[in-house]
$ cat target36.cif   # mmCIF, C-alpha atoms
data_final
loop_
_atom_site.group_PDB
_atom_site.id
_atom_site.type_symbol
_atom_site.label_atom_id
_atom_site.label_comp_id
_atom_site.auth_asym_id
_atom_site.auth_seq_id
_atom_site.Cartn_x
_atom_site.Cartn_y
_atom_site.Cartn_z
ATOM 1 C CA SER A 1 -8.186 -11.503 0.686
ATOM 2 C CA GLN A 2 -5.004 -13.040 2.008
ATOM 3 C CA GLN A 3 -4.790 -14.712 5.374
ATOM 4 C CA GLY A 4 -1.115 -14.422 5.989
ATOM 5 C CA GLU A 5 1.536 -11.811 5.760
ATOM 6 C CA GLU A 6 5.152 -12.747 5.288
ATOM 7 C CA ASP A 7 8.007 -10.783 6.699
ATOM 8 C CA PRO A 8 10.317 -9.650 5.248
ATOM 9 C CA GLN A 9 8.915 -9.091 1.771
ATOM 10 C CA ALA A 10 12.397 -9.517 0.364
ATOM 11 C CA LEU A 11 15.600 -10.981 1.764
ATOM 12 C CA SER A 12 19.095 -11.013 0.321
ATOM 13 C CA ILE A 13 21.788 -13.154 1.920
ATOM 14 C CA GLN A 14 25.151 -14.668 1.105
ATOM 15 C CA GLU A 15 25.456 -18.337 0.235
ATOM 16 C CA GLY A 16 26.082 -20.355 3.384
ATOM 17 C CA GLU A 17 24.109 -18.026 5.641
ATOM 18 C CA ASN A 18 20.796 -18.928 7.216
ATOM 19 C CA ALA A 19 17.560 -17.405 5.990
ATOM 20 C CA THR A 20 14.593 -16.824 8.257
ATOM 21 C CA MET A 21 11.152 -15.921 6.974
ATOM 22 C CA ASN A 22 8.160 -15.180 9.144
ATOM 23 C CA CYS A 23 4.477 -15.565 8.541
ATOM 24 C CA SER A 24 1.597 -14.153 10.537
ATOM 25 C CA TYR A 25 -2.018 -15.125 10.097
ATOM 26 C CA LYS A 26 -5.341 -13.934 11.403
ATOM 27 C CA THR A 27 -7.706 -16.790 12.181
ATOM 28 C CA SER A 28 -7.429 -20.148 13.903
ATOM 29 C CA ILE A 29 -5.911 -22.790 11.702
ATOM 30 C CA ASN A 30 -5.999 -26.523 11.138
ATOM 31 C CA ASN A 31 -2.527 -26.498 9.630
ATOM 32 C CA LEU A 32 0.025 -24.226 8.013
ATOM 33 C CA GLN A 33 2.070 -25.069 4.957
ATOM 34 C CA TRP A 34 5.132 -23.548 3.326
ATOM 35 C CA TYR A 35 5.613 -23.458 -0.407
ATOM 36 C CA ARG A 36 8.392 -22.406 -2.691
ATOM 37 C CA GLN A 37 8.002 -20.857 -6.138
ATOM 38 C CA ASN A 38 10.765 -20.298 -8.625
ATOM 39 C CA SER A 39 10.126 -17.346 -10.883
ATOM 40 C CA GLY A 40 7.061 -17.970 -13.013
ATOM 41 C CA ARG A 41 6.917 -21.634 -12.112
ATOM 42 C CA GLY A 42 4.582 -23.795 -10.088
ATOM 43 C CA LEU A 43 4.456 -23.968 -6.327
ATOM 44 C CA VAL A 44 6.396 -26.716 -4.631
ATOM 45 C CA HIS A 45 5.208 -27.972 -1.272
ATOM 46 C CA LEU A 46 7.944 -27.809 1.359
ATOM 47 C CA ILE A 47 6.462 -28.707 4.704
ATOM 48 C CA LEU A 48 3.160 -28.962 6.575
ATOM 49 C CA ILE A 49 2.821 -28.287 10.271
ATOM 50 C CA ARG A 50 -0.364 -29.043 12.154
ATOM 51 C CA SER A 51 -1.870 -26.738 14.736
ATOM 52 C CA ASN A 52 -0.879 -29.083 17.578
ATOM 53 C CA GLU A 53 2.758 -29.179 16.475
ATOM 54 C CA ARG A 54 5.359 -26.624 17.419
ATOM 55 C CA GLU A 55 8.319 -27.512 15.234
ATOM 56 C CA LYS A 56 9.114 -29.630 12.194
ATOM 57 C CA HIS A 57 12.265 -30.347 10.269
ATOM 58 C CA SER A 58 12.872 -31.430 6.732
ATOM 59 C CA GLY A 59 16.470 -31.496 5.565
ATOM 60 C CA ARG A 60 17.806 -27.946 5.796
ATOM 61 C CA LEU A 61 14.345 -26.597 6.586
ATOM 62 C CA ARG A 62 13.010 -25.908 10.046
ATOM 63 C CA VAL A 63 9.490 -24.643 10.608
ATOM 64 C CA THR A 64 8.073 -23.411 13.878
ATOM 65 C CA LEU A 65 4.493 -22.607 14.735
ATOM 66 C CA ASP A 66 3.230 -20.449 17.581
ATOM 67 C CA THR A 67 -0.550 -20.583 17.592
ATOM 68 C CA SER A 68 -0.808 -18.179 20.524
ATOM 69 C CA LYS A 69 0.910 -15.524 18.426
ATOM 70 C CA LYS A 70 -0.621 -16.760 15.170
ATOM 71 C CA SER A 71 2.776 -16.902 13.579
ATOM 72 C CA SER A 72 5.170 -19.303 11.906
ATOM 73 C CA SER A 73 8.751 -19.123 10.777
ATOM 74 C CA LEU A 74 10.711 -20.935 8.095
ATOM 75 C CA LEU A 75 14.445 -21.300 8.587
ATOM 76 C CA ILE A 76 16.654 -22.412 5.731
ATOM 77 C CA THR A 77 20.098 -23.313 6.995
ATOM 78 C CA ALA A 78 23.326 -23.184 5.013
ATOM 79 C CA SER A 79 21.585 -21.514 2.087
ATOM 80 C CA ARG A 80 22.567 -22.175 -1.519
ATOM 81 C CA ALA A 81 22.160 -20.088 -4.647
ATOM 82 C CA ALA A 82 19.575 -22.643 -5.782
ATOM 83 C CA ASP A 83 17.383 -21.653 -2.821
ATOM 84 C CA THR A 84 16.689 -18.342 -4.565
ATOM 85 C CA ALA A 85 12.910 -18.268 -4.948
ATOM 86 C CA SER A 86 9.741 -16.871 -3.421
ATOM 87 C CA TYR A 87 8.479 -18.575 -0.301
ATOM 88 C CA PHE A 88 4.845 -18.571 0.729
ATOM 89 C CA CYS A 89 3.048 -19.661 3.831
ATOM 90 C CA ALA A 90 -0.489 -20.926 3.434
ATOM 91 C CA THR A 91 -3.093 -21.792 6.012
ATOM 92 C CA VAL A 92 -6.036 -24.124 6.252
ATOM 93 C CA GLY A 93 -8.622 -22.593 8.551
ATOM 94 C CA MET A 94 -10.568 -24.389 11.227
ATOM 95 C CA ASP A 95 -13.790 -23.249 9.565
ATOM 96 C CA SER A 96 -13.105 -25.007 6.292
ATOM 97 C CA SER A 97 -10.888 -27.873 5.289
ATOM 98 C CA TYR A 98 -11.001 -26.969 1.648
ATOM 99 C CA LYS A 99 -9.410 -23.576 1.360
ATOM 100 C CA LEU A 100 -5.674 -23.055 1.394
ATOM 101 C CA ILE A 101 -5.107 -19.348 1.802
ATOM 102 C CA PHE A 102 -1.738 -17.932 0.864
ATOM 103 C CA GLY A 103 0.270 -15.108 2.277
ATOM 104 C CA SER A 104 2.001 -12.481 0.219
ATOM 105 C CA GLY A 105 5.362 -14.264 0.080
ATOM 106 C CA THR A 106 9.009 -13.519 0.761
ATOM 107 C CA ARG A 107 11.406 -13.146 -2.149
ATOM 108 C CA LEU A 108 14.706 -14.725 -1.189
ATOM 109 C CA LEU A 109 17.904 -14.001 -3.075
ATOM 110 C CA VAL A 110 20.950 -16.070 -2.183
ATOM 111 C CA ARG A 111 24.099 -14.503 -3.581
ATOM 112 C CA PRO A 112 26.848 -16.929 -4.608
ATOM 113 C CA ASP B 113 7.102 -33.037 -11.523
ATOM 114 C CA SER B 114 4.041 -32.747 -9.250
ATOM 115 C CA GLY B 115 1.874 -34.996 -11.400
ATOM 116 C CA VAL B 116 -0.658 -32.207 -12.000
ATOM 117 C CA THR B 117 -0.904 -31.292 -15.672
ATOM 118 C CA GLN B 118 -2.199 -27.998 -16.959
ATOM 119 C CA THR B 119 -2.860 -26.915 -20.518
ATOM 120 C CA PRO B 120 -2.227 -24.635 -22.242
ATOM 121 C CA LYS B 121 0.997 -23.353 -20.703
ATOM 122 C CA HIS B 122 0.671 -19.975 -22.387
ATOM 123 C CA LEU B 123 -2.309 -18.223 -23.904
ATOM 124 C CA ILE B 124 -2.714 -14.803 -25.442
ATOM 125 C CA THR B 125 -6.190 -13.596 -26.214
ATOM 126 C CA ALA B 126 -8.124 -10.392 -26.778
ATOM 127 C CA THR B 127 -10.459 -8.598 -24.417
ATOM 128 C CA GLY B 128 -13.994 -9.865 -24.537
ATOM 129 C CA GLN B 129 -12.975 -13.362 -25.535
ATOM 130 C CA ARG B 130 -13.494 -16.644 -23.695
ATOM 131 C CA VAL B 131 -10.868 -19.229 -22.842
ATOM 132 C CA THR B 132 -10.832 -22.628 -21.193
ATOM 133 C CA LEU B 133 -7.976 -23.835 -19.012
ATOM 134 C CA ARG B 134 -7.644 -27.543 -18.446
ATOM 135 C CA CYS B 135 -6.261 -29.489 -15.533
ATOM 136 C CA SER B 136 -5.536 -33.162 -14.972
ATOM 137 C CA PRO B 137 -5.013 -33.934 -11.299
ATOM 138 C CA ARG B 138 -2.531 -36.408 -9.905
ATOM 139 C CA SER B 139 -3.591 -39.999 -10.324
ATOM 140 C CA GLY B 140 -6.015 -40.890 -7.557
ATOM 141 C CA ASP B 141 -6.587 -37.351 -6.304
ATOM 142 C CA LEU B 142 -10.246 -36.456 -5.918
ATOM 143 C CA SER B 143 -9.901 -32.764 -5.085
ATOM 144 C CA VAL B 144 -9.023 -30.073 -7.580
ATOM 145 C CA TYR B 145 -8.329 -26.444 -6.728
ATOM 146 C CA TRP B 146 -7.948 -23.376 -8.907
ATOM 147 C CA TYR B 147 -5.850 -20.379 -7.976
ATOM 148 C CA GLN B 148 -5.078 -17.104 -9.684
ATOM 149 C CA GLN B 149 -1.723 -15.383 -9.221
ATOM 150 C CA SER B 150 -1.316 -11.791 -10.285
ATOM 151 C CA LEU B 151 1.185 -9.130 -9.329
ATOM 152 C CA ASP B 152 -1.304 -6.938 -7.518
ATOM 153 C CA GLN B 153 -3.506 -9.586 -5.882
ATOM 154 C CA GLY B 154 -1.010 -12.301 -5.094
ATOM 155 C CA LEU B 155 -2.233 -15.905 -4.928
ATOM 156 C CA GLN B 156 -6.006 -15.973 -4.748
ATOM 157 C CA PHE B 157 -8.089 -19.080 -4.144
ATOM 158 C CA LEU B 158 -10.829 -19.352 -6.762
ATOM 159 C CA ILE B 159 -12.712 -22.604 -6.335
ATOM 160 C CA GLN B 160 -12.405 -26.218 -5.246
ATOM 161 C CA TYR B 161 -14.085 -29.402 -6.428
ATOM 162 C CA TYR B 162 -14.192 -32.773 -4.783
ATOM 163 C CA ASN B 163 -15.172 -35.807 -6.826
ATOM 164 C CA GLY B 164 -17.202 -33.736 -9.235
ATOM 165 C CA GLU B 165 -18.921 -31.489 -6.718
ATOM 166 C CA GLU B 166 -18.125 -27.911 -5.826
ATOM 167 C CA ARG B 167 -16.842 -27.770 -2.246
ATOM 168 C CA ALA B 168 -15.536 -24.277 -1.650
ATOM 169 C CA LYS B 169 -15.627 -20.959 -3.404
ATOM 170 C CA GLY B 170 -13.215 -18.128 -3.058
ATOM 171 C CA ASN B 171 -12.739 -14.904 -4.959
ATOM 172 C CA ILE B 172 -14.057 -16.207 -8.248
ATOM 173 C CA LEU B 173 -15.704 -13.696 -10.552
ATOM 174 C CA GLU B 174 -19.124 -14.391 -12.014
ATOM 175 C CA ARG B 175 -17.508 -14.312 -15.459
ATOM 176 C CA PHE B 176 -15.495 -17.346 -14.425
ATOM 177 C CA SER B 177 -16.810 -20.850 -13.987
ATOM 178 C CA ALA B 178 -15.330 -24.246 -13.403
ATOM 179 C CA GLN B 179 -16.313 -27.867 -13.381
ATOM 180 C CA GLN B 180 -14.868 -31.238 -12.585
ATOM 181 C CA PHE B 181 -15.723 -34.103 -14.885
ATOM 182 C CA PRO B 182 -16.345 -37.787 -14.049
ATOM 183 C CA ASP B 183 -12.768 -38.631 -15.012
ATOM 184 C CA LEU B 184 -11.748 -35.998 -12.411
ATOM 185 C CA HIS B 185 -10.120 -33.581 -14.807
ATOM 186 C CA SER B 186 -11.244 -30.004 -14.384
ATOM 187 C CA GLU B 187 -11.744 -26.989 -16.574
ATOM 188 C CA LEU B 188 -11.756 -23.317 -15.680
ATOM 189 C CA ASN B 189 -13.729 -21.161 -18.082
ATOM 190 C CA LEU B 190 -12.967 -17.462 -18.250
ATOM 191 C CA SER B 191 -15.329 -15.298 -20.284
ATOM 192 C CA SER B 192 -15.694 -11.637 -21.266
ATOM 193 C CA LEU B 193 -12.020 -11.319 -20.569
ATOM 194 C CA GLU B 194 -10.588 -8.054 -19.330
ATOM 195 C CA LEU B 195 -7.022 -6.821 -19.230
ATOM 196 C CA GLY B 196 -7.002 -7.359 -15.479
ATOM 197 C CA ASP B 197 -7.608 -11.073 -15.931
ATOM 198 C CA SER B 198 -4.055 -11.452 -17.158
ATOM 199 C CA ALA B 199 -2.452 -13.742 -14.612
ATOM 200 C CA LEU B 200 -0.965 -17.124 -13.922
ATOM 201 C CA TYR B 201 -3.702 -19.649 -13.215
ATOM 202 C CA PHE B 202 -2.790 -22.653 -11.131
ATOM 203 C CA CYS B 203 -4.538 -25.928 -10.698
ATOM 204 C CA ALA B 204 -3.742 -28.091 -7.707
ATOM 205 C CA SER B 205 -4.933 -31.446 -6.476
ATOM 206 C CA SER B 206 -5.037 -33.472 -3.310
ATOM 207 C CA ALA B 207 -6.234 -36.888 -2.303
ATOM 208 C CA GLU B 208 -9.149 -35.582 -0.290
ATOM 209 C CA GLY B 209 -9.674 -32.340 1.570
ATOM 210 C CA ILE B 210 -6.660 -30.365 2.602
ATOM 211 C CA ALA B 211 -6.930 -30.650 6.337
ATOM 212 C CA GLY B 212 -3.664 -32.426 6.878
ATOM 213 C CA ASN B 213 -3.167 -33.353 3.250
ATOM 214 C CA THR B 214 -0.588 -31.919 0.934
ATOM 215 C CA ILE B 215 -1.847 -30.284 -2.210
ATOM 216 C CA TYR B 216 0.236 -30.461 -5.346
ATOM 217 C CA PHE B 217 0.373 -27.645 -7.865
ATOM 218 C CA GLY B 218 0.721 -27.733 -11.604
ATOM 219 C CA GLU B 219 3.062 -25.439 -13.483
ATOM 220 C CA GLY B 220 0.276 -23.023 -14.289
ATOM 221 C CA SER B 221 -1.297 -21.491 -17.364
ATOM 222 C CA TRP B 222 -0.084 -18.035 -18.277
ATOM 223 C CA LEU B 223 -2.964 -15.959 -19.590
ATOM 224 C CA THR B 224 -2.291 -12.655 -21.265
ATOM 225 C CA VAL B 225 -5.274 -10.555 -22.291
ATOM 226 C CA VAL B 226 -4.462 -7.850 -24.830
#
$ encode --input "target36.cif" --output "structure tokens"
Amino acid sequence: SQQGEEDPQALSIQEGENATMNCSYKTSINNLQWYRQNSGRGLVHLILIRSNEREKHSGRLRVTLDTSKKSSSLLITASRAADTASYFCATVGMDSSYKLIFGSGTRLLVRP
Amino acid sequence: DSGVTQTPKHLITATGQRVTLRCSPRSGDLSVYWYQQSLDQGLQFLIQYYNGEERAKGNILERFSAQQFPDLHSELNLSSLELGDSALYFCASSAEGIAGNTIYFGEGSWLTVV
């Protein structure tokens, strides 16, 4: 079973706009990670945020974590057509440091 | 390039057959993970090995088995294949456990069961 649920399931925006994806999870976590997957390709790690962190930045990416609401968001600023991909959140639970459980993903389409 | 190598990239086989998927982790990584991605189930964690020993098990069927060898490469064996086993199988690796460590994914092995 999946730990997280992403919202929205699909998102279509114009190039240059910001894209925000949300992730909710069910159990306490050690950390939460965001991944990107181009169609049919491997998963690329984007960013890791630990349970005691509230916000992290990496280039055009900004991730927030609210452990009280068991939710995270990924913001991609100034989107580009090349950002078109599926984005997944994944969590490492407090009960096990060896399982990375993925959400259902958000399909992002950036129109040129 | 993540440094994780998976072979074969594509595989087509018949129901009832057995296949072996191979994974070479990134240099120095001791942990190997296997995931299955299908349209209806999404990304499912199957199993994880650390330095040759099984560490965590997920939704892995009894028809599936895996092992990690002394040189740290890993194999996922899928037997008595069914149509529903058609999926993209990912291997990933990390230095140690994943609490605070990034895991790196290979490009996957596409399995089609006909």
$ residues_near_point --input "target36.cif" --point "(9.8, -17.3, -0.5)" --cutoff "8 Å" --atoms "all atoms listed in the file" --output "list in words"
Met21, Tyr35, Arg36, Gln37, Ala85, Ser86, Tyr87, Phe88, Gly105, Thr106, Arg107 and Leu108 of chain A
$ resolve_selection --input "target36.cif" --expression "the PyMOL selection byres ((chain A and resi 77) around 9)" --output "ChimeraX atom specification"
/A:16-20,60-62,75-76,78-80
$ interface_residues --input "target36.cif" --of "chain B" --to "chain A" --cutoff "10 Å" --atoms "only C-alpha atoms" --output "PyMOL selection string"
chain B and resi 113-114+143-145+147+149+153-162+167-171+200-204+208-222
$ atom_distance --input "target36.cif" --atom1 "atom CA of Glu53 of chain A" --atom2 "atom CA of Leu65 of chain A"
7.0 Å
$ resolve_selection --input "target36.cif" --expression "the PyMOL selection byres ((chain B and resi 178) around 6)" --output "list in words"
Ser177, Gln179, Glu187, Leu188 and Asn189 of chain B
$ atom_distance --input "target36.cif" --atom1 "atom CA of Ser24 of chain A" --atom2 "atom CA of Thr64 of chain A"
11.8 Å
$ resolve_selection --input "target36.cif" --expression "the PyMOL selection byres ((chain B and resi 184) around 12)" --output "list of chain:residue names"
B:Val116, B:Arg134, B:Cys135, B:Ser136, B:Pro137, B:Arg138, B:Ser139, B:Gly140, B:Asp141, B:Leu142, B:Ser143, B:Val144, B:Tyr145, B:Tyr161, B:Tyr162, B:Asn163, B:Gly164, B:Glu165, B:Gln179, B:Gln180, B:Phe181, B:Pro182, B:Asp183, B:His185, B:Ser186, B:Glu187, B:Ser205, B:Ser206, B:Ala207
$ axis_aligned_box --input "target36.cif" --around "segment 12-25 of chain A" --padding-each-side "4 Å" --output "JSON"
{"center_x": 12.0, "center_y": -15.7, "center_z": 5.4, "size_x": 36.1, "size_y": 17.3, "size_z": 18.3}
$ atom_distance --input "target36.cif" --atom1 "atom CA of Thr132 of chain B" --atom2 "atom CA of Ser39 of chain A"
23.9 Å
$ residues_around --input "target36.cif" --residues "Ser191 of chain B" --least-positions-apart "4" --cutoff "9 Å" --atoms "all atoms listed in the file" --output "ChimeraX atom specification"
/B:128-132,175-177
$ closest_residue --input "target36.cif" --among "B:Val225, B:Ala199, B:Leu173, B:Leu190" --to "Leu133 of chain B" --atoms "only C-alpha atoms"
B:Leu190
$ residues_around --input "target36.cif" --residues "Leu109 of chain A" --least-positions-apart "3" --cutoff "7 Å" --atoms "only C-alpha atoms" --output "number ranges by chain"
A: 11-13, 84-85
$ build_atoms --input "target36.cif" --residues "segment 18-30 of chain A" --atoms "N, CA, C and O atoms" --output "PDB file, keeping the file's coordinate frame"
ATOM      1  N   ASN A  18      22.157 -18.442   6.966  1.00  0.00           N
ATOM      2  CA  ASN A  18      20.796 -18.928   7.216  1.00  0.00           C
ATOM      3  C   ASN A  18      19.788 -17.866   6.816  1.00  0.00           C
ATOM      4  O   ASN A  18      20.054 -16.668   6.929  1.00  0.00           O
ATOM      5  N   ALA A  19      18.640 -18.318   6.363  1.00  0.00           N
ATOM      6  CA  ALA A  19      17.560 -17.405   5.990  1.00  0.00           C
ATOM      7  C   ALA A  19      16.347 -17.703   6.851  1.00  0.00           C
ATOM      8  O   ALA A  19      15.942 -18.870   6.975  1.00  0.00           O
ATOM      9  N   THR A  20      15.790 -16.667   7.433  1.00  0.00           N
ATOM     10  CA  THR A  20      14.593 -16.824   8.257  1.00  0.00           C
ATOM     11  C   THR A  20      13.473 -15.976   7.697  1.00  0.00           C
ATOM     12  O   THR A  20      13.650 -14.777   7.455  1.00  0.00           O
ATOM     13  N   MET A  21      12.342 -16.614   7.463  1.00  0.00           N
ATOM     14  CA  MET A  21      11.152 -15.921   6.974  1.00  0.00           C
ATOM     15  C   MET A  21      10.030 -16.143   7.973  1.00  0.00           C
ATOM     16  O   MET A  21       9.889 -17.246   8.503  1.00  0.00           O
ATOM     17  N   ASN A  22       9.242 -15.103   8.183  1.00  0.00           N
ATOM     18  CA  ASN A  22       8.160 -15.180   9.144  1.00  0.00           C
ATOM     19  C   ASN A  22       6.818 -15.014   8.467  1.00  0.00           C
ATOM     20  O   ASN A  22       6.697 -14.360   7.432  1.00  0.00           O
ATOM     21  N   CYS A  23       5.828 -15.616   9.083  1.00  0.00           N
ATOM     22  CA  CYS A  23       4.477 -15.565   8.541  1.00  0.00           C
ATOM     23  C   CYS A  23       3.519 -15.324   9.702  1.00  0.00           C
ATOM     24  O   CYS A  23       3.605 -16.004  10.727  1.00  0.00           O
ATOM     25  N   SER A  24       2.637 -14.367   9.526  1.00  0.00           N
ATOM     26  CA  SER A  24       1.597 -14.153  10.537  1.00  0.00           C
ATOM     27  C   SER A  24       0.246 -14.350   9.876  1.00  0.00           C
ATOM     28  O   SER A  24       0.083 -14.067   8.678  1.00  0.00           O
ATOM     29  N   TYR A  25      -0.691 -14.871  10.631  1.00  0.00           N
ATOM     30  CA  TYR A  25      -2.018 -15.125  10.097  1.00  0.00           C
ATOM     31  C   TYR A  25      -3.068 -14.629  11.068  1.00  0.00           C
ATOM     32  O   TYR A  25      -2.752 -14.226  12.188  1.00  0.00           O
ATOM     33  N   LYS A  26      -4.320 -14.654  10.632  1.00  0.00           N
ATOM     34  CA  LYS A  26      -5.341 -13.934  11.403  1.00  0.00           C
ATOM     35  C   LYS A  26      -6.306 -14.837  12.159  1.00  0.00           C
ATOM     36  O   LYS A  26      -6.745 -14.504  13.252  1.00  0.00           O
ATOM     37  N   THR A  27      -6.679 -15.968  11.557  1.00  0.00           N
ATOM     38  CA  THR A  27      -7.706 -16.790  12.181  1.00  0.00           C
ATOM     39  C   THR A  27      -7.132 -18.130  12.622  1.00  0.00           C
ATOM     40  O   THR A  27      -6.053 -18.520  12.204  1.00  0.00           O
ATOM     41  N   SER A  28      -7.870 -18.837  13.430  1.00  0.00           N
ATOM     42  CA  SER A  28      -7.429 -20.148  13.903  1.00  0.00           C
ATOM     43  C   SER A  28      -7.246 -21.094  12.723  1.00  0.00           C
ATOM     44  O   SER A  28      -8.002 -21.046  11.753  1.00  0.00           O
ATOM     45  N   ILE A  29      -6.247 -21.933  12.833  1.00  0.00           N
ATOM     46  CA  ILE A  29      -5.911 -22.790  11.702  1.00  0.00           C
ATOM     47  C   ILE A  29      -5.954 -24.265  12.050  1.00  0.00           C
ATOM     48  O   ILE A  29      -5.804 -24.649  13.209  1.00  0.00           O
ATOM     49  N   ASN A  30      -6.145 -25.077  11.021  1.00  0.00           N
ATOM     50  CA  ASN A  30      -5.999 -26.523  11.138  1.00  0.00           C
ATOM     51  C   ASN A  30      -4.534 -26.883  10.906  1.00  0.00           C
ATOM     52  O   ASN A  30      -3.962 -27.704  11.626  1.00  0.00           O
TER      53      ASN A  30
END
